[in-house]
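Student: Structure: entry-v7.csv, CSV, C-alpha atoms and all ligand atoms.
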```
chain,number,residue,atom,x,y,z
A,1,MET,CA,56.3,63.4,194.8
A,2,ILE,CA,56.7,62.2,191.2
A,3,LYS,CA,55.3,64.4,188.5
A,4,ILE,CA,54.6,63.1,185.0
A,5,LEU,CA,55.0,65.5,182.2
A,6,PRO,CA,53.9,64.4,178.7
A,7,SER,CA,56.0,66.0,176.0
A,8,LEU,CA,53.8,67.5,173.3
A,9,LEU,CA,56.4,66.8,170.7
A,10,SER,CA,55.0,63.3,170.2
A,11,ALA,CA,51.3,64.5,170.0
A,12,ASP,CA,49.2,64.6,166.8
A,13,PHE,CA,49.5,68.3,165.8
A,14,THR,CA,46.4,68.1,163.6
A,15,ARG,CA,44.3,67.9,166.8
A,16,LEU,CA,46.3,69.6,169.4
A,17,ALA,CA,43.5,70.6,171.8
A,18,PHE,CA,42.2,67.0,171.9
A,19,GLU,CA,45.7,65.7,172.6
A,20,VAL,CA,46.3,68.2,175.4
A,21,GLU,CA,42.9,67.3,177.0
A,22,SER,CA,43.6,63.6,176.7
A,23,VAL,CA,46.7,63.8,178.9
A,24,GLU,CA,45.1,66.3,181.3
A,25,ARG,CA,42.2,64.0,181.8
A,26,GLY,CA,44.6,61.1,181.9
A,27,GLY,CA,46.3,62.5,185.1
A,28,ALA,CA,49.3,64.4,183.8
A,29,ASP,CA,50.7,66.8,186.3
A,30,MET,CA,52.2,69.3,183.9
A,31,LEU,CA,52.8,69.6,180.1
A,32,HIS,CA,56.3,69.7,178.6
A,33,LEU,CA,56.8,71.9,175.5
A,34,ASP,CA,60.0,71.4,173.5
A,35,VAL,CA,61.1,74.5,171.8
A,36,MET,CA,63.9,74.0,169.1
A,37,ASP,CA,65.5,76.7,167.0
A,38,GLY,CA,67.2,74.7,164.2
A,39,HIS,CA,70.5,76.1,165.5
A,40,PHE,CA,71.2,74.9,169.0
A,41,VAL,CA,69.7,71.5,167.9
A,42,PRO,CA,69.2,70.3,164.3
A,43,ASN,CA,65.4,70.4,164.4
A,44,LEU,CA,62.7,73.1,164.5
A,45,THR,CA,59.5,73.0,166.5
A,46,PHE,CA,57.4,75.9,167.6
A,47,GLY,CA,57.5,79.2,169.5
A,48,PRO,CA,55.4,81.4,171.8
A,49,PRO,CA,52.2,81.6,169.7
A,50,LEU,CA,51.7,77.8,170.0
A,51,VAL,CA,52.4,77.9,173.7
A,52,ALA,CA,49.8,80.7,174.1
A,53,SER,CA,47.3,78.5,172.2
A,54,VAL,CA,48.0,75.5,174.3
A,55,ASN,CA,47.6,77.7,177.4
A,56,LYS,CA,44.1,78.5,176.3
A,57,CYS,CA,43.0,74.8,176.3
A,58,THR,CA,44.4,73.5,179.6
A,59,ASN,CA,44.7,74.2,183.3
A,60,MET,CA,48.0,72.2,183.5
A,61,ALA,CA,51.2,74.2,184.3
A,62,LEU,CA,53.3,74.6,181.2
A,63,ASP,CA,57.0,73.6,181.3
A,64,CYS,CA,58.9,75.1,178.4
A,65,HIS,CA,62.2,73.4,177.5
A,66,LEU,CA,64.2,75.9,175.4
A,67,MET,CA,66.7,74.2,173.1
A,68,ILE,CA,67.7,77.5,171.6
A,69,SER,CA,71.0,79.3,171.3
A,70,HIS,CA,69.8,82.6,172.6
A,71,PRO,CA,67.2,82.1,175.4
A,72,LEU,CA,67.7,85.6,176.7
A,73,ARG,CA,66.0,87.0,173.6
A,74,TYR,CA,62.9,84.9,174.0
A,75,VAL,CA,62.1,84.3,177.7
A,76,ASP,CA,59.9,87.4,177.9
A,77,ALA,CA,57.8,86.1,175.0
A,78,PHE,CA,57.5,82.6,176.5
A,79,ALA,CA,56.5,83.9,179.9
A,80,LYS,CA,53.9,86.1,178.3
A,81,ALA,CA,52.6,83.1,176.4
A,82,GLY,CA,51.9,81.3,179.6
A,83,ALA,CA,55.0,79.4,180.5
A,84,ASP,CA,55.0,78.6,184.3
A,85,TRP,CA,58.4,76.9,184.2
A,86,ILE,CA,61.2,77.7,181.7
A,87,SER,CA,64.4,75.8,181.3
A,88,PHE,CA,67.3,76.7,179.1
A,89,HIS,CA,70.6,74.9,178.3
A,90,ILE,CA,73.8,75.5,180.1
A,91,GLU,CA,75.4,74.9,176.7
A,92,ALA,CA,73.4,77.8,175.1
A,93,GLN,CA,75.3,81.0,174.2
A,94,ASP,CA,73.9,83.5,176.6
A,95,GLU,CA,75.3,84.2,180.1
A,96,PRO,CA,73.3,81.9,182.4
A,97,GLY,CA,73.3,84.4,185.3
A,98,LYS,CA,71.6,87.0,183.0
A,99,VAL,CA,69.0,84.5,181.8
A,100,LEU,CA,68.2,83.6,185.5
A,101,ASP,CA,67.9,87.4,186.3
A,102,ALA,CA,65.3,87.6,183.6
A,103,LEU,CA,63.4,84.5,184.7
A,104,GLU,CA,63.4,85.9,188.3
A,105,ARG,CA,62.1,89.2,187.1
A,106,LEU,CA,59.3,87.5,185.1
A,107,GLY,CA,58.3,85.4,188.1
A,108,VAL,CA,58.6,82.0,186.3
A,109,LYS,CA,60.2,78.9,187.8
A,110,ALA,CA,63.7,78.5,186.5
A,111,GLY,CA,65.5,75.4,185.3
A,112,ILE,CA,68.7,74.7,183.6
A,113,ALA,CA,69.0,71.7,181.2
A,114,ILE,CA,72.3,69.9,180.8
A,115,ASN,CA,73.3,67.6,177.9
A,116,PRO,CA,74.6,64.0,178.7
A,117,ASP,CA,78.2,65.0,177.9
A,118,THR,CA,78.5,68.3,179.8
A,119,THR,CA,80.1,68.3,183.2
A,120,LEU,CA,77.8,68.9,186.1
A,121,TYR,CA,80.3,71.2,187.7
A,122,ARG,CA,79.2,74.0,185.3
A,123,LEU,CA,75.9,74.0,187.2
A,124,ARG,CA,77.4,74.1,190.7
A,125,PRO,CA,77.5,77.9,191.2
A,126,LEU,CA,74.0,78.4,189.8
A,127,LEU,CA,72.2,75.7,191.8
A,128,PRO,CA,71.0,78.0,194.6
A,129,ARG,CA,69.1,80.0,192.0
A,130,LEU,CA,67.3,77.0,190.4
A,131,GLN,CA,64.0,75.5,191.1
A,132,MET,CA,64.8,72.7,188.7
A,133,VAL,CA,67.7,70.9,186.9
A,134,LEU,CA,66.8,69.1,183.7
A,135,VAL,CA,69.1,66.1,183.3
A,136,MET,CA,68.9,65.1,179.6
A,137,SER,CA,68.9,61.4,179.1
A,138,VAL,CA,69.2,61.7,175.3
A,139,PHE,CA,71.0,64.3,173.2
A,140,PRO,CA,68.3,66.9,172.6
A,141,GLY,CA,66.6,67.4,169.2
A,142,PHE,CA,64.2,64.5,168.7
A,143,GLY,CA,61.6,62.5,170.4
A,144,GLY,CA,61.7,58.7,170.5
A,145,GLN,CA,65.4,58.2,171.2
A,146,LYS,CA,66.9,55.5,173.4
A,147,PHE,CA,67.5,56.3,177.0
A,148,ILE,CA,71.2,56.8,177.9
A,149,PRO,CA,71.8,54.9,181.2
A,150,GLU,CA,75.1,56.5,181.9
A,151,VAL,CA,73.4,59.7,182.9
A,152,VAL,CA,71.7,58.1,186.0
A,153,PRO,CA,74.6,58.7,188.4
A,154,ARG,CA,74.3,62.5,187.6
A,155,ILE,CA,71.0,62.6,189.5
A,156,LYS,CA,72.6,61.4,192.7
A,157,GLU,CA,75.6,63.7,192.2
A,158,LEU,CA,73.2,66.7,192.0
A,159,ARG,CA,71.8,65.7,195.4
A,160,GLU,CA,75.3,65.2,196.8
A,161,MET,CA,76.1,68.8,195.7
A,162,GLY,CA,73.2,69.8,198.0
A,163,PHE,CA,70.6,70.5,195.3
A,164,THR,CA,67.1,70.2,196.9
A,165,GLY,CA,65.0,71.4,194.0
A,166,GLU,CA,63.2,69.4,191.3
A,167,ILE,CA,65.3,67.1,189.1
A,168,GLU,CA,63.6,66.5,185.8
A,169,VAL,CA,64.7,63.8,183.4
A,170,ASP,CA,63.9,64.0,179.7
A,171,GLY,CA,64.5,61.4,176.9
A,172,GLY,CA,63.5,57.8,176.6
A,173,ILE,CA,61.4,57.7,179.7
A,174,ASP,CA,58.9,54.8,179.9
A,175,VAL,CA,57.8,52.1,182.3
A,176,THR,CA,61.2,50.5,182.2
A,177,THR,CA,63.4,53.6,182.7
A,178,ALA,CA,61.1,55.6,185.0
A,179,PRO,CA,61.9,53.5,188.0
A,180,ILE,CA,65.6,53.8,187.4
A,181,VAL,CA,65.6,57.6,187.4
A,182,ALA,CA,63.1,57.8,190.3
A,183,ALA,CA,65.2,55.5,192.4
A,184,ALA,CA,68.2,57.8,191.8
A,185,GLY,CA,66.1,60.9,193.0
A,186,ALA,CA,64.4,62.3,189.9
A,187,THR,CA,61.0,64.0,190.6
A,188,MET,CA,59.8,65.3,187.2
A,189,LEU,CA,59.6,62.7,184.5
A,190,VAL,CA,59.1,63.8,180.9
A,191,ALA,CA,57.6,61.2,178.5
A,192,GLY,CA,56.8,61.8,174.9
A,193,SER,CA,56.4,58.7,172.9
A,194,ALA,CA,55.6,56.5,175.9
A,195,VAL,CA,52.5,58.7,176.6
A,196,PHE,CA,51.3,59.8,173.1
A,197,LYS,CA,51.9,56.6,171.1
A,198,PRO,CA,49.4,54.5,173.1
A,199,GLN,CA,45.7,55.2,172.5
A,200,ASP,CA,44.9,55.1,176.2
A,201,ARG,CA,46.9,58.0,177.6
A,202,ALA,CA,45.5,57.6,181.2
A,203,ALA,CA,46.7,54.0,181.3
A,204,ALA,CA,50.2,55.1,180.0
A,205,ILE,CA,50.5,57.8,182.5
A,206,THR,CA,49.3,55.6,185.4
A,207,ALA,CA,51.7,52.9,184.4
A,208,ILE,CA,54.7,55.2,184.3
A,209,ARG,CA,53.7,56.8,187.6
A,210,ALA,CA,53.2,53.4,189.3
A,211,ALA,CA,56.6,52.2,188.1
A,212,ALA,CA,58.3,55.3,189.3
A,213,CYS,CA,56.6,55.6,192.7
A,214,GLY,CA,57.3,51.9,193.4
A,215,ALA,CA,61.0,52.6,193.0
A,216,GLN,CA,61.3,55.8,194.9
A,217,VAL,CA,63.5,55.7,198.0
A,301,LIG,C1,64.2,65.7,173.1
A,301,LIG,C2,63.1,66.4,173.9
A,301,LIG,C3,62.2,65.5,174.7
A,301,LIG,C4,61.4,64.5,173.9
A,301,LIG,C5,61.2,63.3,174.7
A,301,LIG,O1,65.0,66.7,172.6
A,301,LIG,O2,63.6,67.3,174.8
A,301,LIG,O3,61.3,66.2,175.5
A,301,LIG,O4,60.2,65.0,173.4
A,301,LIG,O5,60.6,62.3,173.9
A,301,LIG,P1,60.7,60.8,174.3
A,301,LIG,O6,60.0,60.6,175.6
A,301,LIG,O7,60.0,60.1,173.2
A,301,LIG,O8,62.1,60.4,174.4
A,302,ZN,ZN,62.3,68.2,176.4
```
Now that the file is in, can you turn its structure into structure tokens?
Tutor:
Amino acid sequence: MIKILPSLLSADFTRLAFEVESVERGGADMLHLDVMDGHFVPNLTFGPPLVASVNKCTNMALDCHLMISHPLRYVDAFAKAGADWISFHIEAQDEPGKVLDALERLGVKAGIAINPDTTLYRLRPLLPRLQMVLVMSVFPGFGGQKFIPEVVPRIKELREMGFTGEIEVDGGIDVTTAPIVAAAGATMLVAGSAVFKPQDRAAAITAIRAAACGAQV
């Protein structure tokens, strides 16, 4: 089943509760929260206090995408703030096995994100411990970037490696690119600008879901 995850990064932060409610009412399955530390990526966003505030105004599951150099230092705080899913980057500085130990201890669903230019083989030994792999379809750091089509074969390769968990794709997902990644086997589609730019969020979510479901094998 395809899940649509609006990325809060493209929302209007002056009226956060309204924005969150608009996508929840519009049929979003989960909410994607992009955490950036100004070090792992050249941009800064928000931390656990904002995640806790968002958690108060929605029943949607929260998917925290940590674009930070030291995920191990912060996973406890994000879990406490209400994160249901936490993904960290394989390119981050901490030992991935130790981060996964922490996520298992905290009882949150674990994902590892991978940049477009990192070899998938780095994930192979960790796959049995993951509920999700986040295949980046842009270089992380900013919303509104153009989808990189060269990452699509990676989705199939993950399945060929025997990975049966969720495959999330993040970056440049819209009605045109959603069917391409869904056909390759992606199950969780993150969409920032394609959901939050239009006034009618329900229509945007429905259109992306319909395009993706129509292409699923
Ligand atoms: C990029 C973030 C994405 C971003 C997606 O670093 O991880 O989640 O918000 O935004 P769009 O859908 O506009 O590419
Ligand atoms: Zn993201």
Student: Using only C-alpha atoms and all ligand atoms, find each residue with an atom at most 10 Å away from ligand LIG 301 (chain A) and format the answer as a PyMOL selection string.
Tutor: chain A and resi 5-11+32-36+41-43+64-67+113+115+134+136-147+169-174+189-197
Student: With all atoms listed in the file as the counted atoms, please give the residues lying no more than 7 Å from Met60 of chain A, apart from itself and same-chain residues fewer than 3 positions off, as a ChimeraX atom specification.
Tutor: /A:24,29-31
Student: With distances taken over only C-alpha atoms and all ligand atoms, which of A:Val135, A:Ala61, A:Leu103, A:Leu130 is nearest to ligand ZN 302 (chain A)?
Tutor: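 Ranking A:Val135, A:Ala61, A:Leu103, A:Leu130 by distance to ligand ZN 302 (chain A), first place goes to A:Val135.
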Student: From the options A:Ile68, A:Ser87, A:Asp76, A:Ile167, which residue's atoms come nearest to Thr45 of chain A, counting all atoms listed in the file?
Tutor: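 Looking at the shortest contact to Thr45 of chain A, the residue is A:Ile68.
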Student: Point out the residue among A:Ala17, A:Leu127, A:Ile114, A:Ile90 with the least atom-to-atom distance to ligand ZN 302 (chain A), counting all atoms listed in the file.
Tutor: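 Looking at the shortest contact to ligand ZN 302 (chain A), the residue is A:Ile114.
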Student: Which one of A:Ile148, A:Ala212, A:Met188, A:Val99 sits closest to ligand ZN 302 (chain A) if you count only C-alpha atoms and all ligand atoms?
Tutor: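 Looking only at the distances to ligand ZN 302 (chain A), the closest residue turns out to be A:Met188.
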Student: Select, from A:Thr187, A:Thr58, A:Thr176, A:Thr164, the residue with the minimum atom-to-atom distance to Pro128 of chain A, counting only C-alpha atoms.
Tutor: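 Among A:Thr187, A:Thr58, A:Thr176, A:Thr164, it is A:Thr164 that comes nearest to Pro128 of chain A.
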Student: Tell me which of A:Pro153, A:Pro179, A:Gly111, A:Gly162 sits closest to ligand ZN 302 (chain A), counting only C-alpha atoms and all ligand atoms.
Tutor: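 Among the listed residues, A:Gly111 lies closest to ligand ZN 302 (chain A).
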Student: Quote the spacing between atom CA of Gly165 of chain A and atom CA of Lys98 of chain A in Å to one decimal place.
Tutor: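 The value is 20.2 Å.
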Student: For the atom pair atom CA of Leu120 of chain A and atom CA of Thr177 of chain A, what is the interatomic distance in Å to one decimal place?
Tutor: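 Separating atom CA of Leu120 of chain A from atom CA of Thr177 of chain A is a distance of 21.3 Å.
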Student: Using all atoms listed in the file, which residues sit within 7 Å of segment 202-206 of chain A once same-chain residues fewer than 3 positions away are excluded, as a PyMOL selection string?
Tutor: chain A and resi 23+26-28+194-195+198+209-210
Student: In Å to one decimal, how far is atom CA of Leu50 of chain A from atom CA of Glu166 of chain A?
Tutor: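 Separation of atom CA of Glu166 of chain A and atom CA of Leu50 of chain A: 25.6 Å.
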Student: I need segment 109-123 of chain A written out with all heavy atoms, as a compact mmCIF listing (two decimals), in the first residue's frame; please produce it.
Tutor:
```txt
# COMPACT_ATOMS: atom_id res chain seq x y z
N LYS A 109 10.14 2.97 15.11
CA LYS A 109 10.45 2.29 13.86
C LYS A 109 11.71 2.92 13.26
O LYS A 109 11.85 4.14 13.24
CB LYS A 109 9.27 2.39 12.89
CG LYS A 109 8.02 1.71 13.45
CD LYS A 109 7.24 1.03 12.35
CE LYS A 109 6.18 0.11 12.88
NZ LYS A 109 5.07 0.85 13.53
N ALA A 110 12.61 2.07 12.77
CA ALA A 110 13.93 2.53 12.37
C ALA A 110 14.10 2.56 10.87
O ALA A 110 13.76 1.59 10.17
CB ALA A 110 15.00 1.62 12.98
N GLY A 111 14.65 3.67 10.38
CA GLY A 111 14.97 3.77 8.96
C GLY A 111 16.36 4.35 8.78
O GLY A 111 16.88 5.04 9.66
N ILE A 112 16.99 4.00 7.67
CA ILE A 112 18.25 4.65 7.31
C ILE A 112 18.07 5.33 5.96
O ILE A 112 17.52 4.74 5.03
CB ILE A 112 19.45 3.67 7.28
CG1 ILE A 112 19.67 3.05 8.67
CG2 ILE A 112 20.71 4.39 6.83
CD1 ILE A 112 20.94 2.21 8.80
N ALA A 113 18.51 6.60 5.91
CA ALA A 113 18.43 7.38 4.69
C ALA A 113 19.77 7.29 3.96
O ALA A 113 20.83 7.19 4.59
CB ALA A 113 18.12 8.84 5.03
N ILE A 114 19.69 7.33 2.63
CA ILE A 114 20.91 7.23 1.84
C ILE A 114 20.90 8.28 0.72
O ILE A 114 19.91 8.43 0.01
CB ILE A 114 21.11 5.78 1.33
CG1 ILE A 114 22.43 5.62 0.58
CG2 ILE A 114 19.93 5.29 0.46
CD1 ILE A 114 22.93 4.19 0.52
N ASN A 115 22.01 9.00 0.62
CA ASN A 115 22.13 10.06 -0.39
C ASN A 115 22.27 9.46 -1.79
O ASN A 115 22.70 8.32 -1.94
CB ASN A 115 23.34 10.93 -0.07
CG ASN A 115 23.08 11.88 1.08
OD1 ASN A 115 21.93 12.09 1.47
ND2 ASN A 115 24.15 12.44 1.65
N PRO A 116 21.94 10.27 -2.81
CA PRO A 116 21.97 9.75 -4.19
C PRO A 116 23.32 9.19 -4.62
O PRO A 116 23.38 8.32 -5.48
CB PRO A 116 21.60 10.98 -5.04
CG PRO A 116 20.79 11.84 -4.13
CD PRO A 116 21.36 11.63 -2.76
N ASP A 117 24.42 9.69 -4.03
CA ASP A 117 25.73 9.25 -4.51
C ASP A 117 26.44 8.28 -3.55
O ASP A 117 27.64 8.06 -3.66
CB ASP A 117 26.63 10.47 -4.77
CG ASP A 117 26.82 11.32 -3.53
OD1 ASP A 117 26.16 11.06 -2.50
OD2 ASP A 117 27.65 12.26 -3.58
N THR A 118 25.71 7.69 -2.62
CA THR A 118 26.31 6.72 -1.70
C THR A 118 25.95 5.31 -2.16
O THR A 118 24.79 5.05 -2.49
CB THR A 118 25.79 6.94 -0.27
OG1 THR A 118 26.10 8.27 0.13
CG2 THR A 118 26.41 5.96 0.72
N THR A 119 26.92 4.42 -2.15
CA THR A 119 26.64 3.05 -2.60
C THR A 119 25.68 2.33 -1.66
O THR A 119 25.82 2.39 -0.43
CB THR A 119 27.95 2.22 -2.77
OG1 THR A 119 27.57 0.87 -3.02
CG2 THR A 119 28.83 2.28 -1.53
N LEU A 120 24.73 1.63 -2.28
CA LEU A 120 23.71 0.90 -1.51
C LEU A 120 24.32 -0.22 -0.67
O LEU A 120 23.73 -0.65 0.31
CB LEU A 120 22.72 0.23 -2.48
CG LEU A 120 21.53 1.00 -2.99
CD1 LEU A 120 20.60 0.04 -3.73
CD2 LEU A 120 20.74 1.68 -1.86
N TYR A 121 25.52 -0.68 -1.09
CA TYR A 121 26.13 -1.80 -0.38
C TYR A 121 26.43 -1.49 1.07
O TYR A 121 26.52 -2.37 1.91
CB TYR A 121 27.37 -2.29 -1.14
CG TYR A 121 26.95 -2.94 -2.43
CD1 TYR A 121 27.04 -2.25 -3.63
CD2 TYR A 121 26.38 -4.21 -2.43
CE1 TYR A 121 26.59 -2.82 -4.81
CE2 TYR A 121 25.92 -4.78 -3.60
CZ TYR A 121 26.03 -4.09 -4.79
OH TYR A 121 25.57 -4.65 -5.95
N ARG A 122 26.56 -0.19 1.38
CA ARG A 122 26.79 0.18 2.79
C ARG A 122 25.60 -0.22 3.66
O ARG A 122 25.73 -0.38 4.87
CB ARG A 122 27.06 1.69 2.90
CG ARG A 122 28.44 2.03 2.39
CD ARG A 122 28.77 3.48 2.58
NE ARG A 122 28.83 3.90 3.98
CZ ARG A 122 29.07 5.14 4.37
NH1 ARG A 122 29.27 6.08 3.46
NH2 ARG A 122 29.11 5.45 5.64
N LEU A 123 24.42 -0.33 3.04
CA LEU A 123 23.22 -0.67 3.82
C LEU A 123 23.06 -2.17 4.02
O LEU A 123 22.38 -2.61 4.95
CB LEU A 123 21.96 -0.15 3.12
CG LEU A 123 21.77 1.35 3.00
CD1 LEU A 123 20.42 1.63 2.34
CD2 LEU A 123 21.80 2.01 4.38
```
